[in-house]
Amino acid sequence: MKEAAVETVAPPLARNRRYAILWSGQFLSEFGNEINFVAFPLLILAMSGSALQAGLASSLVAAGHMLANLPAGVIADRWDRRRTLLLCQGGRALAVASVAVAVWLDAFSFPHVLLVALIDGLLGAAFEPAEQAALPQVVPESQLSRAVAANTARPFIATLLGPALAGFLFAVEQAMPFALDGLMLALSFAALMFLRLPARPAPAEPARGAGGDLVAGLRWVLGQRLIRTTLVWMAVSNLVFTALMIIVLAMSHEDKVGAGVIGLTMACMGAGGLLGAALADRLHALLPAPVVIIGFSWMTALLTGLMALVPGGLPLGLLLGCTAFFAPLANTTILTYQITVTPDRLRGRLTGIVGLCSGGAAALGPLLGGALMTAGGAGPGGILSCAAALSVIALATTLTPALRRFPTTG
């Protein structure tokens with residue numbers, strides 16, 4: 001008599017310790033980014049009063065983060081991912097903590113802060129591909145979309161809490177934001193020490209240098225029609241949306257909206273994104289992928305058009321929140337497919353390429369927003385330009401066969 005096969009049932013995601021370590025590690029990384037985005041300029045302005053130096057530090061972080069994505073993807077695919085995660089968090093913790101020590105000792109140095117900003121951007125970028133590539137190693141495929149949906153909540157939480165906390169702590173003591181960031185990264189490093197990833201098979205690719213690995217990854221990713229199409233879709237959508245953020249802020253300033261109300265407006269966007277992330281997994285299971293992608297494109301265009309008809313402040317924030325509500329669902333649908341079809345040996349490079357596209361859009365979006373605001377003059381002209389651009393994207397999405405037949409993943 002044959003013994004009945006024993007079916008292994010995966011534990012619920014909430015009790016998956018390895019996933020919890022990964023999630024918290026990336027959250028603390030993103031939370032630190034948001035703190036430093038505010039704390040570095042505030043420190044430089046307080047110490048030197050130079051807006052040029054403050055802008056240079058912020059640009060260096062963004063540039064380092066963007067440029068590091070591709071080599072970071074190669075590292076995530078070729079090196080031990082756990083060690084990569086530890087190196088990134090440990091290095092960032094030491095670097096940021098050195099700024100806190102320098103401020104406490106009254107030894108501020110702009111070159112030192114600039115170097116730390118560069119290290120922070122580079123190591124922060126290197127952490128993400130390793131974390132994303134390790135996700136399918138700790139989460140079964142049946143729970144992958146749920147894990148991706150939970151991951152989409154991280155940036156919204158970080159954006160809601162990080163800048164406000166950085167400003168408050170800096171007002172209390174200039175070193176405190178950096179000390180807190182260093183402590184959180186150190187705690188993340190300690191948690192990652194207990195992370196165990198399953199052994200990976202030997203690379204099926206021939207031995208080649210880092211440049212060859214990068215070219216091979218680009219060739220594979222760009223050779224996948226659906227992935228290539230979604231990369232373009234995500235890049236142009238993010239480009240217009242980041243431009244919209246600058247236009248909304250500029251219009252609020254022109255309309256004499258108070259700083260507190262502007263903060264509340266941005267908080268509405270974060271709250272909408274958090275609510276969308278909480279429901280993304282359920283909606284992902286209910287709706288076909290083409291409905292999600294095409295529907296998101298048209299809803300974003302419609303809501304952006306409505307923004308031109310409402311006054312600045314809370315009404316605008318509510319529409320921003322509605323737009324942000326749909327973003328986690330679209331991201332969950334696309335990222336789950338990308339991770340599922342990409343071989344483990346290439347997942348780091350996939351994440352690096354995705355990060356490069358999104359980082360480029362984030363860097364160019366504010367410039368586009370400023371140009372649209374200048375060309376459109378005062379009033380809602382810039383918002384209408386964004387709505388028109390998003391309508392073109394939505395129409396192209398509807399007419400693209402690859403997106404109309406986008407496969408639905410579980």
# chains A, B, ... in the order shown; residues from 1 in each chain; ligands from 1

call {"tool": "residues_around", "arguments": {"residues": "segment 349-366 of chain A", "least_positions_apart": "5", "cutoff": "9 Å", "atoms": "only C-alpha atoms", "output": "JSON list (two decimals) with all heavy atoms, in the first residue's frame"}}
result
[["chain", "number", "residue", "atom", "x", "y", "z"],
["A", 59, "SER", "N", 21.08, 66.38, -5.60],
["A", 59, "SER", "CA", 21.27, 65.86, -6.95],
["A", 59, "SER", "C", 22.25, 64.70, -6.95],
["A", 59, "SER", "O", 22.09, 63.74, -7.72],
["A", 59, "SER", "CB", 21.78, 66.98, -7.87],
["A", 59, "SER", "OG", 20.83, 68.00, -7.98],
["A", 62, "ALA", "N", 20.45, 61.54, -5.87],
["A", 62, "ALA", "CA", 19.58, 61.05, -6.94],
["A", 62, "ALA", "C", 20.39, 60.45, -8.08],
["A", 62, "ALA", "O", 20.06, 59.38, -8.62],
["A", 62, "ALA", "CB", 18.68, 62.18, -7.45],
["A", 63, "ALA", "N", 21.48, 61.14, -8.46],
["A", 63, "ALA", "CA", 22.31, 60.64, -9.56],
["A", 63, "ALA", "C", 22.98, 59.34, -9.19],
["A", 63, "ALA", "O", 23.03, 58.39, -10.00],
["A", 63, "ALA", "CB", 23.35, 61.70, -9.94],
["A", 65, "HIS", "N", 21.98, 57.16, -7.01],
["A", 65, "HIS", "CA", 20.95, 56.12, -6.94],
["A", 65, "HIS", "C", 20.58, 55.62, -8.33],
["A", 65, "HIS", "O", 20.43, 54.41, -8.56],
["A", 65, "HIS", "CB", 19.71, 56.69, -6.23],
["A", 65, "HIS", "CG", 18.79, 55.63, -5.70],
["A", 65, "HIS", "ND1", 17.90, 54.96, -6.51],
["A", 65, "HIS", "CD2", 18.62, 55.12, -4.45],
["A", 65, "HIS", "CE1", 17.22, 54.09, -5.78],
["A", 65, "HIS", "NE2", 17.64, 54.17, -4.53],
["A", 66, "MET", "N", 20.44, 56.52, -9.28],
["A", 66, "MET", "CA", 20.03, 56.14, -10.62],
["A", 66, "MET", "C", 21.14, 55.38, -11.35],
["A", 66, "MET", "O", 20.91, 54.32, -11.94],
["A", 66, "MET", "CB", 19.63, 57.37, -11.42],
["A", 66, "MET", "CG", 19.11, 57.06, -12.82],
["A", 66, "MET", "SD", 18.60, 58.53, -13.73],
["A", 66, "MET", "CE", 20.18, 59.32, -13.99],
["A", 67, "LEU", "N", 22.37, 55.91, -11.28],
["A", 67, "LEU", "CA", 23.47, 55.31, -12.03],
["A", 67, "LEU", "C", 23.90, 53.96, -11.46],
["A", 67, "LEU", "O", 24.47, 53.13, -12.18],
["A", 67, "LEU", "CB", 24.67, 56.26, -12.05],
["A", 67, "LEU", "CG", 24.45, 57.57, -12.81],
["A", 67, "LEU", "CD1", 25.67, 58.48, -12.68],
["A", 67, "LEU", "CD2", 24.15, 57.31, -14.28],
["A", 68, "ALA", "N", 23.63, 53.73, -10.17],
["A", 68, "ALA", "CA", 24.05, 52.47, -9.55],
["A", 68, "ALA", "C", 23.12, 51.32, -9.87],
["A", 68, "ALA", "O", 23.45, 50.16, -9.59],
["A", 68, "ALA", "CB", 24.15, 52.65, -8.04],
["A", 69, "ASN", "N", 21.94, 51.60, -10.43],
["A", 69, "ASN", "CA", 20.95, 50.54, -10.61],
["A", 69, "ASN", "C", 21.44, 49.39, -11.49],
["A", 69, "ASN", "O", 21.28, 48.22, -11.14],
["A", 69, "ASN", "CB", 19.66, 51.13, -11.22],
["A", 69, "ASN", "CG", 18.74, 51.70, -10.16],
["A", 69, "ASN", "OD1", 18.16, 50.98, -9.36],
["A", 69, "ASN", "ND2", 18.60, 53.01, -10.16],
["A", 70, "LEU", "N", 22.05, 49.71, -12.63],
["A", 70, "LEU", "CA", 22.47, 48.64, -13.55],
["A", 70, "LEU", "C", 23.60, 47.78, -12.96],
["A", 70, "LEU", "O", 23.47, 46.55, -12.94],
["A", 70, "LEU", "CB", 22.87, 49.23, -14.89],
["A", 70, "LEU", "CG", 21.72, 49.82, -15.73],
["A", 70, "LEU", "CD1", 22.24, 50.33, -17.06],
["A", 70, "LEU", "CD2", 20.63, 48.80, -15.94],
["A", 71, "PRO", "N", 24.71, 48.37, -12.49],
["A", 71, "PRO", "CA", 25.72, 47.50, -11.87],
["A", 71, "PRO", "C", 25.20, 46.79, -10.62],
["A", 71, "PRO", "O", 25.62, 45.68, -10.32],
["A", 71, "PRO", "CB", 26.87, 48.46, -11.53],
["A", 71, "PRO", "CG", 26.28, 49.83, -11.58],
["A", 71, "PRO", "CD", 25.18, 49.76, -12.58],
["A", 72, "ALA", "N", 24.27, 47.43, -9.89],
["A", 72, "ALA", "CA", 23.70, 46.77, -8.71],
["A", 72, "ALA", "C", 22.92, 45.53, -9.10],
["A", 72, "ALA", "O", 22.92, 44.52, -8.38],
["A", 72, "ALA", "CB", 22.78, 47.74, -7.96],
["A", 73, "GLY", "N", 22.25, 45.57, -10.25],
["A", 73, "GLY", "CA", 21.54, 44.38, -10.72],
["A", 73, "GLY", "C", 22.49, 43.24, -11.03],
["A", 73, "GLY", "O", 22.19, 42.07, -10.73],
["A", 74, "VAL", "N", 23.65, 43.55, -11.62],
["A", 74, "VAL", "CA", 24.66, 42.52, -11.89],
["A", 74, "VAL", "C", 25.16, 41.92, -10.59],
["A", 74, "VAL", "O", 25.31, 40.69, -10.45],
["A", 74, "VAL", "CB", 25.82, 43.11, -12.71],
["A", 74, "VAL", "CG1", 26.93, 42.08, -12.89],
["A", 74, "VAL", "CG2", 25.33, 43.59, -14.07],
["A", 75, "ILE", "N", 25.42, 42.77, -9.59],
["A", 75, "ILE", "CA", 25.90, 42.29, -8.29],
["A", 75, "ILE", "C", 24.88, 41.35, -7.66],
["A", 75, "ILE", "O", 25.23, 40.29, -7.10],
["A", 75, "ILE", "CB", 26.18, 43.49, -7.36],
["A", 75, "ILE", "CG1", 27.40, 44.26, -7.88],
["A", 75, "ILE", "CG2", 26.42, 43.03, -5.93],
["A", 75, "ILE", "CD1", 27.64, 45.57, -7.16],
["A", 76, "ALA", "N", 23.59, 41.72, -7.73],
["A", 76, "ALA", "CA", 22.55, 40.89, -7.12],
["A", 76, "ALA", "C", 22.44, 39.53, -7.77],
["A", 76, "ALA", "O", 22.05, 38.54, -7.12],
["A", 76, "ALA", "CB", 21.20, 41.62, -7.20],
["A", 77, "ASP", "N", 22.79, 39.44, -9.05],
["A", 77, "ASP", "CA", 22.69, 38.16, -9.76],
["A", 77, "ASP", "C", 23.95, 37.31, -9.60],
["A", 77, "ASP", "O", 23.87, 36.08, -9.71],
["A", 77, "ASP", "CB", 22.43, 38.40, -11.25],
["A", 77, "ASP", "CG", 21.00, 38.86, -11.52],
["A", 77, "ASP", "OD1", 20.13, 38.56, -10.68],
["A", 77, "ASP", "OD2", 20.76, 39.52, -12.54],
["A", 125, "ALA", "N", 20.80, 52.24, -3.70],
["A", 125, "ALA", "CA", 20.42, 51.67, -5.00],
["A", 125, "ALA", "C", 20.82, 50.21, -5.11],
["A", 125, "ALA", "O", 20.11, 49.40, -5.71],
["A", 125, "ALA", "CB", 21.07, 52.47, -6.12],
["A", 126, "ALA", "N", 21.97, 49.86, -4.53],
["A", 126, "ALA", "CA", 22.43, 48.47, -4.62],
["A", 126, "ALA", "C", 21.58, 47.52, -3.77],
["A", 126, "ALA", "O", 21.50, 46.33, -4.06],
["A", 126, "ALA", "CB", 23.89, 48.39, -4.17],
["A", 128, "GLU", "N", 18.24, 47.55, -3.34],
["A", 128, "GLU", "CA", 16.93, 47.21, -3.91],
["A", 128, "GLU", "C", 16.96, 46.01, -4.84],
["A", 128, "GLU", "O", 16.11, 45.10, -4.72],
["A", 128, "GLU", "CB", 16.33, 48.42, -4.61],
["A", 128, "GLU", "CG", 14.93, 48.17, -5.13],
["A", 128, "GLU", "CD", 14.30, 49.43, -5.69],
["A", 128, "GLU", "OE1", 14.88, 50.52, -5.56],
["A", 128, "GLU", "OE2", 13.21, 49.31, -6.29],
["A", 129, "PRO", "N", 17.88, 45.92, -5.83],
["A", 129, "PRO", "CA", 17.87, 44.73, -6.70],
["A", 129, "PRO", "C", 18.10, 43.44, -5.94],
["A", 129, "PRO", "O", 17.49, 42.41, -6.26],
["A", 129, "PRO", "CB", 19.01, 45.01, -7.69],
["A", 129, "PRO", "CG", 19.16, 46.49, -7.69],
["A", 129, "PRO", "CD", 18.87, 46.91, -6.29],
["A", 130, "ALA", "N", 18.98, 43.47, -4.93],
["A", 130, "ALA", "CA", 19.23, 42.25, -4.16],
["A", 130, "ALA", "C", 17.99, 41.84, -3.38],
["A", 130, "ALA", "O", 17.64, 40.65, -3.29],
["A", 130, "ALA", "CB", 20.42, 42.46, -3.21],
["A", 132, "GLN", "N", 14.80, 42.65, -4.08],
["A", 132, "GLN", "CA", 13.73, 42.25, -5.00],
["A", 132, "GLN", "C", 14.02, 40.87, -5.60],
["A", 132, "GLN", "O", 13.12, 40.05, -5.74],
["A", 132, "GLN", "CB", 13.61, 43.29, -6.12],
["A", 132, "GLN", "CG", 12.40, 43.13, -7.02],
["A", 132, "GLN", "CD", 11.12, 43.58, -6.36],
["A", 132, "GLN", "OE1", 11.16, 44.31, -5.38],
["A", 132, "GLN", "NE2", 9.99, 43.15, -6.87],
["A", 133, "ALA", "N", 15.28, 40.62, -5.94],
["A", 133, "ALA", "CA", 15.64, 39.32, -6.51],
["A", 133, "ALA", "C", 15.50, 38.20, -5.49],
["A", 133, "ALA", "O", 15.22, 37.05, -5.85],
["A", 133, "ALA", "CB", 17.07, 39.37, -7.04],
["A", 213, "ASP", "N", 28.04, 40.64, -18.29],
["A", 213, "ASP", "CA", 26.82, 40.30, -17.56],
["A", 213, "ASP", "C", 25.76, 41.37, -17.75],
["A", 213, "ASP", "O", 24.57, 41.07, -17.92],
["A", 213, "ASP", "CB", 27.12, 40.16, -16.07],
["A", 213, "ASP", "CG", 27.81, 38.83, -15.75],
["A", 213, "ASP", "OD1", 27.82, 37.96, -16.62],
["A", 213, "ASP", "OD2", 28.34, 38.70, -14.63],
["A", 214, "LEU", "N", 26.19, 42.62, -17.72],
["A", 214, "LEU", "CA", 25.24, 43.72, -17.88],
["A", 214, "LEU", "C", 24.62, 43.70, -19.26],
["A", 214, "LEU", "O", 23.40, 43.84, -19.42],
["A", 214, "LEU", "CB", 25.96, 45.05, -17.63],
["A", 214, "LEU", "CG", 25.12, 46.32, -17.78],
["A", 214, "LEU", "CD1", 23.92, 46.28, -16.86],
["A", 214, "LEU", "CD2", 25.98, 47.55, -17.48],
["A", 217, "GLY", "N", 22.16, 40.86, -19.52],
["A", 217, "GLY", "CA", 20.90, 41.17, -18.84],
["A", 217, "GLY", "C", 20.04, 42.12, -19.64],
["A", 217, "GLY", "O", 18.83, 41.93, -19.77],
["A", 218, "LEU", "N", 20.67, 43.17, -20.19],
["A", 218, "LEU", "CA", 19.92, 44.11, -21.02],
["A", 218, "LEU", "C", 19.34, 43.43, -22.24],
["A", 218, "LEU", "O", 18.18, 43.67, -22.61],
["A", 218, "LEU", "CB", 20.85, 45.26, -21.45],
["A", 218, "LEU", "CG", 21.16, 46.32, -20.40],
["A", 218, "LEU", "CD1", 22.32, 47.21, -20.88],
["A", 218, "LEU", "CD2", 19.93, 47.18, -20.13],
["A", 221, "VAL", "N", 16.29, 41.23, -21.07],
["A", 221, "VAL", "CA", 15.12, 42.02, -20.66],
["A", 221, "VAL", "C", 14.49, 42.71, -21.85],
["A", 221, "VAL", "O", 13.26, 42.66, -22.04],
["A", 221, "VAL", "CB", 15.52, 43.05, -19.58],
["A", 221, "VAL", "CG1", 14.38, 44.04, -19.32],
["A", 221, "VAL", "CG2", 15.90, 42.34, -18.29],
["A", 231, "LEU", "N", 8.05, 48.34, -19.42],
["A", 231, "LEU", "CA", 9.09, 49.28, -19.00],
["A", 231, "LEU", "C", 8.82, 50.66, -19.60],
["A", 231, "LEU", "O", 8.92, 51.69, -18.91],
["A", 231, "LEU", "CB", 10.47, 48.79, -19.43],
["A", 231, "LEU", "CG", 11.11, 47.66, -18.61],
["A", 231, "LEU", "CD1", 12.43, 47.24, -19.23],
["A", 231, "LEU", "CD2", 11.32, 48.09, -17.17],
["A", 232, "VAL", "N", 8.48, 50.68, -20.88],
["A", 232, "VAL", "CA", 8.16, 51.96, -21.54],
["A", 232, "VAL", "C", 6.92, 52.58, -20.91],
["A", 232, "VAL", "O", 6.88, 53.78, -20.61],
["A", 232, "VAL", "CB", 7.97, 51.76, -23.06],
["A", 232, "VAL", "CG1", 7.50, 53.05, -23.72],
["A", 232, "VAL", "CG2", 9.27, 51.28, -23.70],
["A", 234, "MET", "N", 5.65, 52.14, -17.88],
["A", 234, "MET", "CA", 5.93, 52.64, -16.53],
["A", 234, "MET", "C", 6.75, 53.92, -16.57],
["A", 234, "MET", "O", 6.51, 54.85, -15.79],
["A", 234, "MET", "CB", 6.66, 51.56, -15.72],
["A", 234, "MET", "CG", 5.82, 50.33, -15.42],
["A", 234, "MET", "SD", 6.78, 48.97, -14.69],
["A", 234, "MET", "CE", 7.09, 49.62, -13.04],
["A", 235, "ALA", "N", 7.74, 53.99, -17.46],
["A", 235, "ALA", "CA", 8.62, 55.15, -17.52],
["A", 235, "ALA", "C", 7.85, 56.41, -17.92],
["A", 235, "ALA", "O", 7.98, 57.45, -17.27],
["A", 235, "ALA", "CB", 9.78, 54.89, -18.48],
["A", 236, "VAL", "N", 7.06, 56.32, -18.99],
["A", 236, "VAL", "CA", 6.36, 57.52, -19.45],
["A", 236, "VAL", "C", 5.25, 57.92, -18.47],
["A", 236, "VAL", "O", 5.00, 59.12, -18.25],
["A", 236, "VAL", "CB", 5.79, 57.32, -20.87],
["A", 236, "VAL", "CG1", 6.92, 57.16, -21.87],
["A", 236, "VAL", "CG2", 4.85, 56.13, -20.95],
["A", 237, "SER", "N", 4.59, 56.95, -17.85],
["A", 237, "SER", "CA", 3.56, 57.27, -16.86],
["A", 237, "SER", "C", 4.18, 57.96, -15.64],
["A", 237, "SER", "O", 3.65, 58.98, -15.15],
["A", 237, "SER", "CB", 2.82, 56.00, -16.42],
["A", 237, "SER", "OG", 2.15, 55.39, -17.50],
["A", 238, "ASN", "N", 5.31, 57.43, -15.15],
["A", 238, "ASN", "CA", 5.99, 58.05, -14.01],
["A", 238, "ASN", "C", 6.53, 59.44, -14.36],
["A", 238, "ASN", "O", 6.52, 60.35, -13.52],
["A", 238, "ASN", "CB", 7.14, 57.17, -13.53],
["A", 238, "ASN", "CG", 6.66, 55.93, -12.81],
["A", 238, "ASN", "OD1", 5.55, 55.88, -12.31],
["A", 238, "ASN", "ND2", 7.50, 54.90, -12.77],
["A", 239, "LEU", "N", 6.99, 59.59, -15.59],
["A", 239, "LEU", "CA", 7.52, 60.90, -16.02],
["A", 239, "LEU", "C", 6.43, 61.97, -15.92],
["A", 239, "LEU", "O", 6.65, 63.05, -15.36],
["A", 239, "LEU", "CB", 8.02, 60.78, -17.47],
["A", 239, "LEU", "CG", 8.51, 62.09, -18.11],
["A", 239, "LEU", "CD1", 9.80, 62.55, -17.45],
["A", 239, "LEU", "CD2", 8.72, 61.90, -19.62],
["A", 240, "VAL", "N", 5.25, 61.67, -16.45],
["A", 240, "VAL", "CA", 4.18, 62.66, -16.43],
["A", 240, "VAL", "C", 3.67, 62.88, -15.00],
["A", 240, "VAL", "O", 3.37, 64.01, -14.60],
["A", 240, "VAL", "CB", 3.02, 62.22, -17.36],
["A", 240, "VAL", "CG1", 1.87, 63.22, -17.30],
["A", 240, "VAL", "CG2", 3.51, 62.07, -18.79],
["A", 241, "PHE", "N", 3.59, 61.80, -14.21],
["A", 241, "PHE", "CA", 3.05, 61.95, -12.86],
["A", 241, "PHE", "C", 3.99, 62.76, -11.97],
["A", 241, "PHE", "O", 3.54, 63.58, -11.16],
["A", 241, "PHE", "CB", 2.80, 60.58, -12.24],
["A", 241, "PHE", "CG", 1.90, 60.63, -11.03],
["A", 241, "PHE", "CD1", 0.54, 60.83, -11.17],
["A", 241, "PHE", "CD2", 2.42, 60.51, -9.76],
["A", 241, "PHE", "CE1", -0.29, 60.89, -10.06],
["A", 241, "PHE", "CE2", 1.60, 60.58, -8.64],
["A", 241, "PHE", "CZ", 0.24, 60.77, -8.80],
["A", 242, "THR", "N", 5.31, 62.56, -12.09],
["A", 242, "THR", "CA", 6.24, 63.36, -11.29],
["A", 242, "THR", "C", 6.22, 64.82, -11.75],
["A", 242, "THR", "O", 6.39, 65.73, -10.92],
["A", 242, "THR", "CB", 7.67, 62.80, -11.37],
["A", 242, "THR", "OG1", 8.05, 62.62, -12.75],
["A", 242, "THR", "CG2", 7.78, 61.47, -10.66],
["A", 243, "ALA", "N", 6.02, 65.04, -13.05],
["A", 243, "ALA", "CA", 5.85, 66.42, -13.52],
["A", 243, "ALA", "C", 4.60, 67.04, -12.91],
["A", 243, "ALA", "O", 4.59, 68.22, -12.52],
["A", 243, "ALA", "CB", 5.77, 66.43, -15.04],
["A", 244, "LEU", "N", 3.54, 66.25, -12.81],
["A", 244, "LEU", "CA", 2.29, 66.74, -12.22],
["A", 244, "LEU", "C", 2.50, 67.19, -10.78],
["A", 244, "LEU", "O", 1.91, 68.19, -10.33],
["A", 244, "LEU", "CB", 1.24, 65.64, -12.30],
["A", 244, "LEU", "CG", -0.12, 65.93, -11.66],
["A", 244, "LEU", "CD1", -0.82, 67.08, -12.39],
["A", 244, "LEU", "CD2", -1.00, 64.68, -11.68],
["A", 245, "MET", "N", 3.33, 66.46, -10.01],
["A", 245, "MET", "CA", 3.57, 66.82, -8.62],
["A", 245, "MET", "C", 4.18, 68.22, -8.50],
["A", 245, "MET", "O", 3.79, 69.01, -7.64],
["A", 245, "MET", "CB", 4.50, 65.79, -7.96],
["A", 245, "MET", "CG", 3.91, 64.41, -7.79],
["A", 245, "MET", "SD", 2.42, 64.40, -6.74],
["A", 245, "MET", "CE", 1.14, 64.46, -8.00],
["A", 246, "ILE", "N", 5.14, 68.52, -9.37],
["A", 246, "ILE", "CA", 5.78, 69.83, -9.35],
["A", 246, "ILE", "C", 4.76, 70.91, -9.71],
["A", 246, "ILE", "O", 4.72, 72.00, -9.10],
["A", 246, "ILE", "CB", 6.97, 69.87, -10.32],
["A", 246, "ILE", "CG1", 8.07, 68.92, -9.84],
["A", 246, "ILE", "CG2", 7.52, 71.28, -10.46],
["A", 246, "ILE", "CD1", 8.65, 69.28, -8.49],
["A", 247, "ILE", "N", 3.92, 70.63, -10.68],
["A", 247, "ILE", "CA", 2.92, 71.60, -11.10],
["A", 247, "ILE", "C", 1.91, 71.86, -9.98],
["A", 247, "ILE", "O", 1.52, 73.00, -9.72],
["A", 247, "ILE", "CB", 2.21, 71.11, -12.37],
["A", 247, "ILE", "CG1", 3.19, 71.09, -13.54],
["A", 247, "ILE", "CG2", 1.01, 71.98, -12.71],
["A", 247, "ILE", "CD1", 2.66, 70.43, -14.79],
["A", 338, "GLN", "N", 6.50, 40.36, -14.12],
["A", 338, "GLN", "CA", 7.93, 40.48, -14.44],
["A", 338, "GLN", "C", 8.77, 39.53, -13.59],
["A", 338, "GLN", "O", 9.66, 38.85, -14.10],
["A", 338, "GLN", "CB", 8.39, 41.92, -14.23],
["A", 338, "GLN", "CG", 7.83, 42.91, -15.24],
["A", 338, "GLN", "CD", 8.29, 44.33, -14.98],
["A", 338, "GLN", "OE1", 8.77, 44.65, -13.89],
["A", 338, "GLN", "NE2", 8.13, 45.20, -15.95],
["A", 339, "ILE", "N", 8.48, 39.47, -12.29],
["A", 339, "ILE", "CA", 9.26, 38.60, -11.40],
["A", 339, "ILE", "C", 9.02, 37.14, -11.73],
["A", 339, "ILE", "O", 9.95, 36.32, -11.71],
["A", 339, "ILE", "CB", 8.89, 38.89, -9.93],
["A", 339, "ILE", "CG1", 9.34, 40.30, -9.53],
["A", 339, "ILE", "CG2", 9.55, 37.87, -9.00],
["A", 339, "ILE", "CD1", 8.86, 40.72, -8.16],
["A", 342, "THR", "N", 10.82, 36.00, -15.08],
["A", 342, "THR", "CA", 12.26, 36.22, -15.16],
["A", 342, "THR", "C", 13.00, 35.13, -14.39],
["A", 342, "THR", "O", 12.70, 34.89, -13.22],
["A", 342, "THR", "CB", 12.64, 37.60, -14.57],
["A", 342, "THR", "OG1", 11.91, 38.62, -15.26],
["A", 342, "THR", "CG2", 14.13, 37.86, -14.73],
["A", 371, "ALA", "N", 8.88, 73.09, -16.99],
["A", 371, "ALA", "CA", 8.73, 73.59, -18.35],
["A", 371, "ALA", "C", 7.26, 73.76, -18.71],
["A", 371, "ALA", "O", 6.87, 74.75, -19.33],
["A", 371, "ALA", "CB", 9.41, 72.63, -19.33]]

call {"tool": "residues_around", "arguments": {"residues": "Leu56 of chain A", "least_positions_apart": "2", "cutoff": "12 Å", "atoms": "only C-alpha atoms", "output": "VMD selection string"}}
result
chain A and resid 37 40 to 41 44 to 45 50 to 54 58 to 64 110 to 111 113 to 115 117 to 118

call {"tool": "residues_around", "arguments": {"residues": "segment 292-300 of chain A", "least_positions_apart": "4", "cutoff": "9 Å", "atoms": "only C-alpha atoms", "output": "list in words"}}
result
Ser237, Leu283, His284, Leu287, Pro288, Thr304, Gly305, Cys322, Thr323, Ala324, Phe326, Ala327, Leu329, Ala330, Thr333, Ile334, Ala387, Leu390, Ser391, Ile393, Ala394, Leu395, Thr397, Thr398, Leu403, Arg404 and Phe406 of chain A

call {"tool": "residues_around", "arguments": {"residues": "Leu226 of chain A", "least_positions_apart": "3", "cutoff": "7 Å", "atoms": "only C-alpha atoms", "output": "CSV table (one decimal) with N, CA, C and O atoms, in the first residue's frame"}}
result
chain,number,residue,atom,x,y,z
A,229,THR,N,7.6,46.4,-23.2
A,229,THR,CA,6.5,47.3,-23.3
A,229,THR,C,6.1,47.9,-22.0
A,229,THR,O,5.8,49.1,-21.9
A,230,THR,N,6.1,47.0,-20.9
A,230,THR,CA,5.7,47.6,-19.6
A,230,THR,C,6.8,48.5,-19.1
A,230,THR,O,6.4,49.5,-18.3
A,402,ALA,N,-0.1,44.0,-27.0
A,402,ALA,CA,0.6,43.3,-25.9
A,402,ALA,C,-0.1,43.6,-24.5
A,402,ALA,O,-0.2,42.8,-23.6

call {"tool": "residues_around", "arguments": {"residues": "Phe108 of chain A", "least_positions_apart": "5", "cutoff": "12 Å", "atoms": "only C-alpha atoms", "output": "JSON, numbers by chain"}}
result
{"A": [40, 43, 44, 45, 46, 47, 48, 98, 99, 100, 101, 102, 103, 113, 114, 174, 175]}

call {"tool": "atom_distance", "arguments": {"atom1": "atom CA of Trp79 of chain A", "atom2": "atom CA of Leu192 of chain A"}}
result
16.0 Å

call {"tool": "select_by_dssp", "arguments": {"residues": "segment 123-356 of chain A", "states": "alpha helix (DSSP H)", "output": "count of residues only"}}
result
190

call {"tool": "closest_residue", "arguments": {"among": "A:Leu160, A:Val310, A:Ala396, A:Met193", "to": "Thr84 of chain A", "atoms": "only C-alpha atoms"}}
result
A:Met193

call {"tool": "closest_residue", "arguments": {"among": "A:Asn36, A:Thr265, A:Ser188, A:Thr332", "to": "Val148 of chain A", "atoms": "only C-alpha atoms"}}
result
A:Thr332

call {"tool": "closest_atom_pairs", "arguments": {"of": "segment 35-116 of chain A", "to": "segment 13-29 of chain A", "cutoff": "10 Å", "atoms": "only C-alpha atoms", "output": "tab-separated table"}}
result
residue	atom	partner	partner_atom	distance
A:Arg82	CA	A:Leu22	CA	10.0
A:Leu85	CA	A:Gly25	CA	8.6
A:Leu86	CA	A:Gly25	CA	9.8
A:Cys88	CA	A:Ser29	CA	9.5
A:Gln89	CA	A:Ser29	CA	7.7
A:Arg92	CA	A:Ser29	CA	9.1

call {"tool": "write_last_selection", "arguments": {"atoms": "N, CA, C and O atoms", "output": "mmCIF file, in the first residue's frame"}}
result
data_model
loop_
_atom_site.group_PDB
_atom_site.id
_atom_site.type_symbol
_atom_site.label_atom_id
_atom_site.label_comp_id
_atom_site.auth_asym_id
_atom_site.auth_seq_id
_atom_site.Cartn_x
_atom_site.Cartn_y
_atom_site.Cartn_z
ATOM 1 N N ARG A 82 22.444 37.834 0.310
ATOM 2 C CA ARG A 82 22.398 38.182 1.731
ATOM 3 C C ARG A 82 23.592 39.058 2.103
ATOM 4 O O ARG A 82 23.439 40.058 2.816
ATOM 5 N N LEU A 85 23.032 42.556 0.830
ATOM 6 C CA LEU A 85 22.111 43.297 1.684
ATOM 7 C C LEU A 85 22.808 43.792 2.940
ATOM 8 O O LEU A 85 22.638 44.944 3.369
ATOM 9 N N LEU A 86 23.609 42.927 3.557
ATOM 10 C CA LEU A 86 24.320 43.307 4.780
ATOM 11 C C LEU A 86 25.334 44.421 4.514
ATOM 12 O O LEU A 86 25.447 45.381 5.295
ATOM 13 N N CYS A 88 25.299 46.679 2.171
ATOM 14 C CA CYS A 88 24.628 47.949 1.886
ATOM 15 C C CYS A 88 24.111 48.608 3.164
ATOM 16 O O CYS A 88 24.358 49.804 3.402
ATOM 17 N N GLN A 89 23.389 47.851 3.998
ATOM 18 C CA GLN A 89 22.841 48.448 5.214
ATOM 19 C C GLN A 89 23.933 48.824 6.206
ATOM 20 O O GLN A 89 23.871 49.877 6.841
ATOM 21 N N ARG A 92 25.783 51.979 4.865
ATOM 22 C CA ARG A 92 24.962 53.185 5.007
ATOM 23 C C ARG A 92 24.856 53.611 6.466
ATOM 24 O O ARG A 92 24.889 54.815 6.778
#
